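To keep things clear, I will list the structure first and then write my remarks on it.
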Amino acid sequence: MAKLNLSIVVLGVTLLLLAETWAQNPRKRLAPPKPAKAQCCDEVRSLKVQVANLTSLLEELSRKQESDLMNVVRQIMELDKQNRQQEARVTEAESKYSEINNRVEIMQLQTLQSATQTSSDAIYDCASLYSKNYKISGEYKLPKDEFLGTPELSVFCDMETNGGGWTLIQRRKVGLTSFNRDWKQYKSGFGSIRGDFWLGNDHIFRLTRQPTTLRIEMEDWEGETRYAEYGFFTVGNELNSYKLFLANYSGNAGDSLRYHNNTNFSTNNKDNDKCVDDCASLRKGGYWYNCCTDSNLNGVFYRYGEHLKNTDGITWYGWHGPNYSLKKVEMKVRPVGFQP
């Protein structure tokens with residue numbers, strides 16, 4: 001019994017020593033193993049970091065690609081701009097060359113005209129220019145002609161229509177020039193030779209002292225065209241109030257100038273018509289009014305055709321009647337004996 005008690009005491013002392021040793025060396029304890037869930041979270045966090053890094057890299061590459069693309073677009077636009085500028089320079093150079101060439105031709109013509117002339121040499125009109133091989137439509141200057149006693153005159157030549165050689169005496173196409181003018185203005189002419197103009201009754205008298213053909217070309221607001229041609233056309237001088245004589249109609253517009261044959265020219269300050277009414281004031285233009293009109297080519301420019309309230313537009317009764325104002329009109333003359 002005594003031995004058993006001794007053994008128990010020895011065992012208790014041993015356990016106490018072991019406990020004290022354990023307490024003094026805690027670092028030697030075995031760490032418990034990490035659970036599987038903690039390991040999984042670490043791997044997810046690592047993958048997230050990698051994904052974030054890849055996303056950032058892709059965004060950087062995308063921005064660089066977009067920047068490169070914008071640079072290419074800007075370069076293309078700049079090249080296109082330079083190309084357009086180059087084309088504009090070429091067009092301008094061609095225009096200047098054409099203008100200079102035309103001036104050279106006119107200077108050559110004026111030099112030729114300065115020589116002593118006979119009636120066969122004189123430059124009367126665009127038909128004379130055409131016969132000297134000037135066959136491009138445009139503005140020309142008829143030189144001062146001592147033989148004919150005529151001053152220098154700027155004219156527009158139609159060198160293409162029906163064989164060419166036409167000298168324009170009137171044009172309506174823009175609508176910015178008023179034709180409601182007085183006697184003096186119709187006598188000397190007005191407007192722009194490349195736009196709307198009246199050449200001048202004195203100049204028309206000069207052009208029609210030889211047997212002359214008149215051609216009138218018209219266009220409506222639908223783009224359809226018609227013409228009227230008179231094989232005989234002449235205008236008297238100022239003492240005879242620029243009296244109109246014409247005959248031998250042909251064309252597809254209808255003969256709306258025959259009613260005006262053998263009439264004097266009237267303006268808003270000189271009423272020479274054959275009517276009680278003052279036709280020039282009513283129709284708002286200078287013209288060979290009878291009582292009053294079958295045509296009114298120097299009337300008011302009304303846009304888009306019909307003008308029902310008034311009958312003072314640019315009218316040709318044989319085509320569209322009294323209430324339709326034409327979009328474009330050209331009156332042109334050339335000698336009867338002209339041969340292209």
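In the structure tokens, chains take the letters A, B, ... in the order shown, each chain's residues start at 1, and ligands count up from 1 in the order shown.
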Q. Which residues come within 9 Å of Gly254 in chain A, counting only C-alpha atoms, excluding same-chain residues fewer than 5 positions away, as a ChimeraX atom specification?
A. /A:226-228,249,316-319
(Q) Taking 4 positions as the minimum chain separation for residues in the same chain, which residues sit within 12 Å of Gln185 in chain A when counting only C-alpha atoms? Answer as a PyMOL selection string. (A) chain A and resi 178-181+189-191+197-202+266-270+285-286
Q: Rank A:Ser250, A:Cys279, A:Trp183, A:Asn290 by their smallest atom-to-atom distance to Thr263 in chain A, using only C-alpha atoms, and report the top residue only.
A: A:Asn290
(Q) Give me the residues near range 156-170 of chain A as a ChimeraX atom specification, where near means some atom within 8 Å (using only C-alpha atoms) and where sequence neighbours in that chain fewer than 5 positions away do not count. (A) /A:125-130,135-140,193-194,196-200,204,329-334,338-340
Q: Tell me, in Å to one decimal, how far CA of His260 in chain A is from CA of Thr150 in chain A.
A: 28.2 Å
Just the residues within 7 Å of Asn261 in chain A, please, counting only C-alpha atoms, with nothing from its chain fewer than 6 positions along; format it as a tab-separated table (two decimals) with all heavy atoms, in the first residue's frame.
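This is the output file around_5.tsv:
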chain	number	residue	atom	x	y	z
A	244	LEU	N	-39.31	99.76	-134.32
A	244	LEU	CA	-39.05	98.35	-134.58
A	244	LEU	C	-39.69	97.90	-135.89
A	244	LEU	O	-40.87	98.19	-136.15
A	244	LEU	CB	-39.61	97.50	-133.43
A	244	LEU	CG	-39.62	95.98	-133.62
A	244	LEU	CD1	-38.21	95.42	-133.67
A	244	LEU	CD2	-40.43	95.31	-132.50
A	245	PHE	N	-38.89	97.19	-136.71
A	245	PHE	CA	-39.41	96.52	-137.90
A	245	PHE	C	-38.91	95.08	-137.89
A	245	PHE	O	-37.70	94.84	-137.70
A	245	PHE	CB	-38.93	97.22	-139.19
A	245	PHE	CG	-39.42	98.62	-139.33
A	245	PHE	CD1	-38.61	99.70	-138.98
A	245	PHE	CD2	-40.70	98.87	-139.84
A	245	PHE	CE1	-39.07	101.00	-139.12
A	245	PHE	CE2	-41.16	100.18	-139.98
A	245	PHE	CZ	-40.35	101.24	-139.61
A	246	LEU	N	-39.82	94.14	-138.10
A	246	LEU	CA	-39.41	92.73	-138.13
A	246	LEU	C	-40.36	91.93	-139.01
A	246	LEU	O	-41.48	92.35	-139.30
A	246	LEU	CB	-39.34	92.15	-136.72
A	246	LEU	CG	-40.56	92.22	-135.80
A	246	LEU	CD1	-41.58	91.15	-136.09
A	246	LEU	CD2	-40.13	92.13	-134.34
